[in-house]
file input_25.csv (CSV, C-alpha atoms)
chain,number,residue,atom,x,y,z
A,577,MET,CA,0.0,0.0,0.0
A,578,GLN,CA,1.1,3.5,-0.8
A,579,PRO,CA,1.6,5.5,2.4
A,580,ILE,CA,-1.0,8.2,3.2
A,581,VAL,CA,0.7,11.6,3.5
A,582,GLY,CA,-0.3,14.9,5.0
A,583,THR,CA,-2.1,16.8,7.7
A,584,TYR,CA,-5.4,18.4,6.8
A,585,GLU,CA,-7.8,20.7,8.6
A,586,CYS,CA,-11.5,20.7,8.1
A,587,LYS,CA,-14.8,21.0,10.0
A,588,ILE,CA,-17.4,18.6,11.3
A,589,ASP,CA,-21.1,19.5,10.9
A,590,THR,CA,-23.8,18.9,13.6
A,591,LYS,CA,-24.7,15.6,12.0
A,592,GLY,CA,-21.1,14.3,12.3
A,593,ARG,CA,-20.2,14.6,8.7
A,594,VAL,CA,-16.7,15.8,7.7
A,595,LEU,CA,-15.9,17.0,4.2
A,596,ILE,CA,-12.7,15.3,3.2
A,597,PRO,CA,-10.1,17.7,1.7
A,598,ALA,CA,-9.6,17.0,-2.0
A,599,ALA,CA,-5.9,16.0,-1.7
A,600,LEU,CA,-6.6,13.5,1.1
A,601,LYS,CA,-9.7,12.2,-0.7
A,602,LYS,CA,-7.6,11.4,-3.8
A,603,GLN,CA,-5.2,9.4,-1.7
A,604,LEU,CA,-8.0,7.6,0.2
A,605,ILE,CA,-9.9,6.6,-3.0
A,606,SER,CA,-6.7,5.1,-4.4
A,607,VAL,CA,-6.2,2.8,-1.3
A,608,GLY,CA,-9.4,1.1,-1.4
A,609,ASP,CA,-12.5,-0.5,-0.8
A,610,GLY,CA,-14.1,1.0,2.3
A,611,PHE,CA,-12.8,2.1,5.7
A,612,ILE,CA,-12.9,1.4,9.4
A,613,LEU,CA,-13.3,4.0,12.1
A,614,LYS,CA,-12.2,3.1,15.6
A,615,ARG,CA,-10.9,4.5,18.8
A,616,SER,CA,-7.2,5.0,19.1
A,617,VAL,CA,-5.4,2.8,21.7
A,618,TYR,CA,-3.2,5.5,23.1
A,619,GLU,CA,-4.7,8.9,22.3
A,620,LYS,CA,-8.1,10.7,22.4
A,621,CYS,CA,-8.5,10.5,18.7
A,622,VAL,CA,-10.2,8.3,16.1
A,623,GLU,CA,-8.4,6.2,13.5
A,624,LEU,CA,-9.5,5.8,9.9
A,625,TRP,CA,-8.1,2.5,8.6
A,626,PRO,CA,-8.3,1.5,4.9
A,627,MET,CA,-10.1,-1.8,4.7
A,628,ASN,CA,-7.0,-3.7,3.4
A,629,GLU,CA,-4.9,-2.5,6.3
A,630,TRP,CA,-7.7,-3.4,8.7
A,631,ASN,CA,-8.0,-6.9,7.3
A,632,LYS,CA,-4.2,-7.3,7.9
A,633,MET,CA,-4.7,-6.3,11.6
A,634,LEU,CA,-7.7,-8.7,11.9
A,635,GLU,CA,-5.4,-11.6,10.7
A,636,LYS,CA,-3.0,-10.7,13.5
A,637,LEU,CA,-5.7,-10.4,16.1
A,638,ASN,CA,-7.2,-13.8,15.0
A,639,GLU,CA,-3.9,-15.4,16.0
A,640,LEU,CA,-4.4,-14.5,19.6
A,641,ASN,CA,-5.7,-17.2,22.0
A,642,ARG,CA,-9.2,-16.2,23.1
A,643,PHE,CA,-8.9,-18.6,26.1
A,644,ASN,CA,-6.2,-16.3,27.4
A,645,ARG,CA,-8.0,-13.7,29.5
A,646,LYS,CA,-5.7,-10.8,28.6
A,647,ALA,CA,-5.9,-11.6,24.9
A,648,ASP,CA,-9.6,-11.8,25.1
A,649,THR,CA,-9.9,-8.5,27.0
A,650,PHE,CA,-7.5,-6.9,24.5
A,651,ILE,CA,-9.5,-8.0,21.5
A,652,ARG,CA,-12.7,-6.7,23.1
A,653,LYS,CA,-11.2,-3.3,24.0
A,654,PHE,CA,-9.5,-3.0,20.6
A,655,MET,CA,-12.7,-3.7,18.7
A,656,ALA,CA,-14.9,-1.4,20.9
A,657,GLY,CA,-16.6,1.3,18.8
A,658,VAL,CA,-15.4,-0.1,15.5
A,659,LYS,CA,-17.5,1.2,12.5
A,660,ILE,CA,-17.5,0.4,8.8
A,661,VAL,CA,-17.6,3.6,6.8
A,662,ASP,CA,-17.3,4.9,3.3
A,663,ILE,CA,-16.8,8.3,1.7
A,664,ASP,CA,-20.1,9.4,0.2
A,665,ASP,CA,-20.6,10.9,-3.2
A,666,ALA,CA,-20.2,14.4,-1.8
A,667,GLY,CA,-16.8,13.5,-0.4
A,668,ARG,CA,-17.9,13.3,3.2
A,669,LEU,CA,-17.1,10.9,6.0
A,670,GLN,CA,-19.9,10.2,8.5
A,671,MET,CA,-18.6,9.9,12.1
A,672,SER,CA,-20.8,8.3,14.7
A,673,LYS,CA,-21.7,10.2,17.9
A,674,ASP,CA,-19.9,7.8,20.2
A,675,LEU,CA,-16.6,8.2,18.3
A,676,VAL,CA,-17.0,12.0,18.1
A,677,GLU,CA,-17.5,12.1,21.9
A,678,PHE,CA,-14.6,9.7,22.5
A,679,ALA,CA,-12.2,12.1,20.7
A,680,ASN,CA,-13.8,15.3,22.1
A,681,ILE,CA,-14.3,16.6,18.6
A,682,SER,CA,-16.1,19.9,18.6
A,683,LYS,CA,-16.0,21.7,15.2
A,684,ASP,CA,-12.5,22.0,13.9
A,685,VAL,CA,-10.9,18.7,12.9
A,686,VAL,CA,-7.4,17.6,11.9
A,687,PHE,CA,-6.7,14.5,9.7
A,688,SER,CA,-3.1,13.5,10.3
A,689,SER,CA,-1.4,10.7,8.4
A,690,LYS,CA,0.2,7.9,10.3
A,691,ILE,CA,1.8,6.0,7.4
A,692,ASN,CA,-1.0,3.4,6.6
A,693,LEU,CA,-3.9,5.0,8.5
A,694,ILE,CA,-5.2,8.4,9.4
A,695,GLU,CA,-5.7,9.9,12.9
A,696,ILE,CA,-8.8,12.2,13.3
A,697,TRP,CA,-8.4,14.8,16.0
A,698,ASP,CA,-10.2,17.7,17.6
A,699,LYS,CA,-7.9,20.5,16.3
A,700,ASP,CA,-7.2,21.9,19.8
A,701,LEU,CA,-6.2,18.5,21.2
A,702,TYR,CA,-4.0,17.8,18.2
A,703,GLU,CA,-2.2,21.1,18.6
A,704,GLN,CA,-1.6,20.3,22.3
A,705,ILE,CA,-0.1,16.9,21.7
A,706,VAL,CA,2.0,17.9,18.7
A,707,ASN,CA,3.4,21.0,20.6
A,708,ASP,CA,3.9,19.1,24.0
A,709,GLU,CA,7.1,20.7,25.3
A,710,GLU,CA,7.5,17.8,27.8
A,711,ILE,CA,8.5,15.6,25.0
A,712,ASP,CA,11.9,16.4,23.4
A,713,PHE,CA,11.4,15.2,19.8
A,714,GLY,CA,15.1,15.0,19.1
A,715,ASP,CA,15.6,12.6,22.1
A,716,LEU,CA,12.5,10.6,21.1
A,717,ALA,CA,13.8,10.3,17.5
A,718,GLU,CA,17.2,9.1,18.7
A,719,GLU,CA,15.7,6.6,21.0
A,720,VAL,CA,13.2,5.2,18.5
A,721,MET,CA,15.1,5.5,15.3
A,722,GLY,CA,18.7,5.6,16.5
A,723,THR,CA,19.4,2.0,15.9
A,724,ILE,CA,18.1,1.9,12.3
A,725,ASN,CA,21.1,2.2,9.9
A,726,ASN,CA,19.4,1.9,6.6
A,727,TYR,CA,16.6,4.6,6.7
A,728,GLY,CA,16.2,6.5,3.5
A,729,ALA,CA,18.0,3.8,1.5

call {"tool": "encode", "arguments": {"input": "input_25.csv", "output": "C-alpha cells"}}
result
Amino acid sequence: MQPIVGTYECKIDTKGRVLIPAALKKQLISVGDGFILKRSVYEKCVELWPMNEWNKMLEKLNELNRFNRKADTFIRKFMAGVKIVDIDDAGRLQMSKDLVEFANISKDVVFSSKINLIEIWDKDLYEQIVNDEEIDFGDLAEEVMGTINNYGA
C-alpha cells in the first residue's frame, strides 16, 4: 500500500459529517474499498483504517488465543466502537456520535497521516499533543530511530 501523506484541517457538521479535503480524498480513494473508524489505543482521537490494512490487523488479532483472558480482553477493547464507513458521493465521511464524543471533537478537525492510516483529532487536542514541550522530539527520534542504519535507503 502507498503511504498516506499529509495533515489536513476541516470542519465537522452537527450531523457528524466531515468533508474530506480533496488532496486527502484522492489518496483515500486510491487505497481502497471501504474504511474502518475506531478509537485510538493510546490517544483521544479516532483512527481511519483503509479496509485492506484493517484486514491485515484482523489476521494478527485472530492469531491471539481467546482462552487467554488478557488476549480476550485486549480484543474486546481494541474492537470497541469499530464502525465500517465509506466516503459518500459528496466527499464526506460520517462519524458516529460515540466516536466524536470519545475524541472530544467539537467543530475543527485535523486529519493526520500515520503511514498506513489516518488519525482524526479535535484541532485543539491535536495542537496540544504535537506541541507538547515535555517531549523532546530529538531525544525521542534518537531513542526510537537511532538503531536503524538503513533509513532513507

call {"tool": "atom_distance", "arguments": {"input": "input_25.csv", "atom1": "CA of Lys699 (chain A)", "atom2": "CA of Glu619 (chain A)"}}
result
13.4 Å

call {"tool": "closest_residue", "arguments": {"input": "input_25.csv", "among": "A:Met721, A:Ala656, A:Ile580, A:Ile705", "to": "Val607 (chain A)", "atoms": "all atoms listed in the file"}}
result
A:Ile580

call {"tool": "atom_distance", "arguments": {"input": "input_25.csv", "atom1": "CA of Met633 (chain A)", "atom2": "CA of Lys659 (chain A)"}}
result
14.9 Å

call {"tool": "closest_residue", "arguments": {"input": "input_25.csv", "among": "A:Ile588, A:Val706, A:Leu693, A:Val617", "to": "Ile681 (chain A)", "atoms": "all atoms listed in the file"}}
result
A:Ile588

call {"tool": "residues_around", "arguments": {"input": "input_25.csv", "residues": "Gly592 (chain A)", "least_positions_apart": "4", "cutoff": "10 Å", "atoms": "all atoms listed in the file", "output": "list in words"}}
result
Lys587, Ile588, Arg668, Leu669, Gln670, Met671, Ser672, Lys673, Leu675, Val676, Ile681, Ser682 and Lys683 of chain A

call {"tool": "atom_distance", "arguments": {"input": "input_25.csv", "atom1": "CA of Phe650 (chain A)", "atom2": "CA of Glu635 (chain A)"}}
result
14.7 Å

call {"tool": "closest_residue", "arguments": {"input": "input_25.csv", "among": "A:Asn638, A:Ser688, A:Asn707, A:Asn628", "to": "Leu600 (chain A)", "atoms": "all atoms listed in the file"}}
result
A:Ser688

call {"tool": "closest_residue", "arguments": {"input": "input_25.csv", "among": "A:Asp665, A:Glu695, A:Ser689, A:Ala598", "to": "Tyr618 (chain A)", "atoms": "all atoms listed in the file"}}
result
A:Glu695

call {"tool": "residues_around", "arguments": {"input": "input_25.csv", "residues": "Ile651 (chain A)", "least_positions_apart": "4", "cutoff": "8 Å", "atoms": "all atoms listed in the file", "output": "PyMOL selection string"}}
result
chain A and resi 637+647+655

call {"tool": "closest_residue", "arguments": {"input": "input_25.csv", "among": "A:Ser616, A:Thr649, A:Asn692, A:Thr590", "to": "Trp630 (chain A)", "atoms": "all atoms listed in the file"}}
result
A:Asn692

call {"tool": "closest_residue", "arguments": {"input": "input_25.csv", "among": "A:Ile612, A:Leu640, A:Val622, A:Ile696", "to": "Ile596 (chain A)", "atoms": "only C-alpha atoms"}}
result
A:Ile696
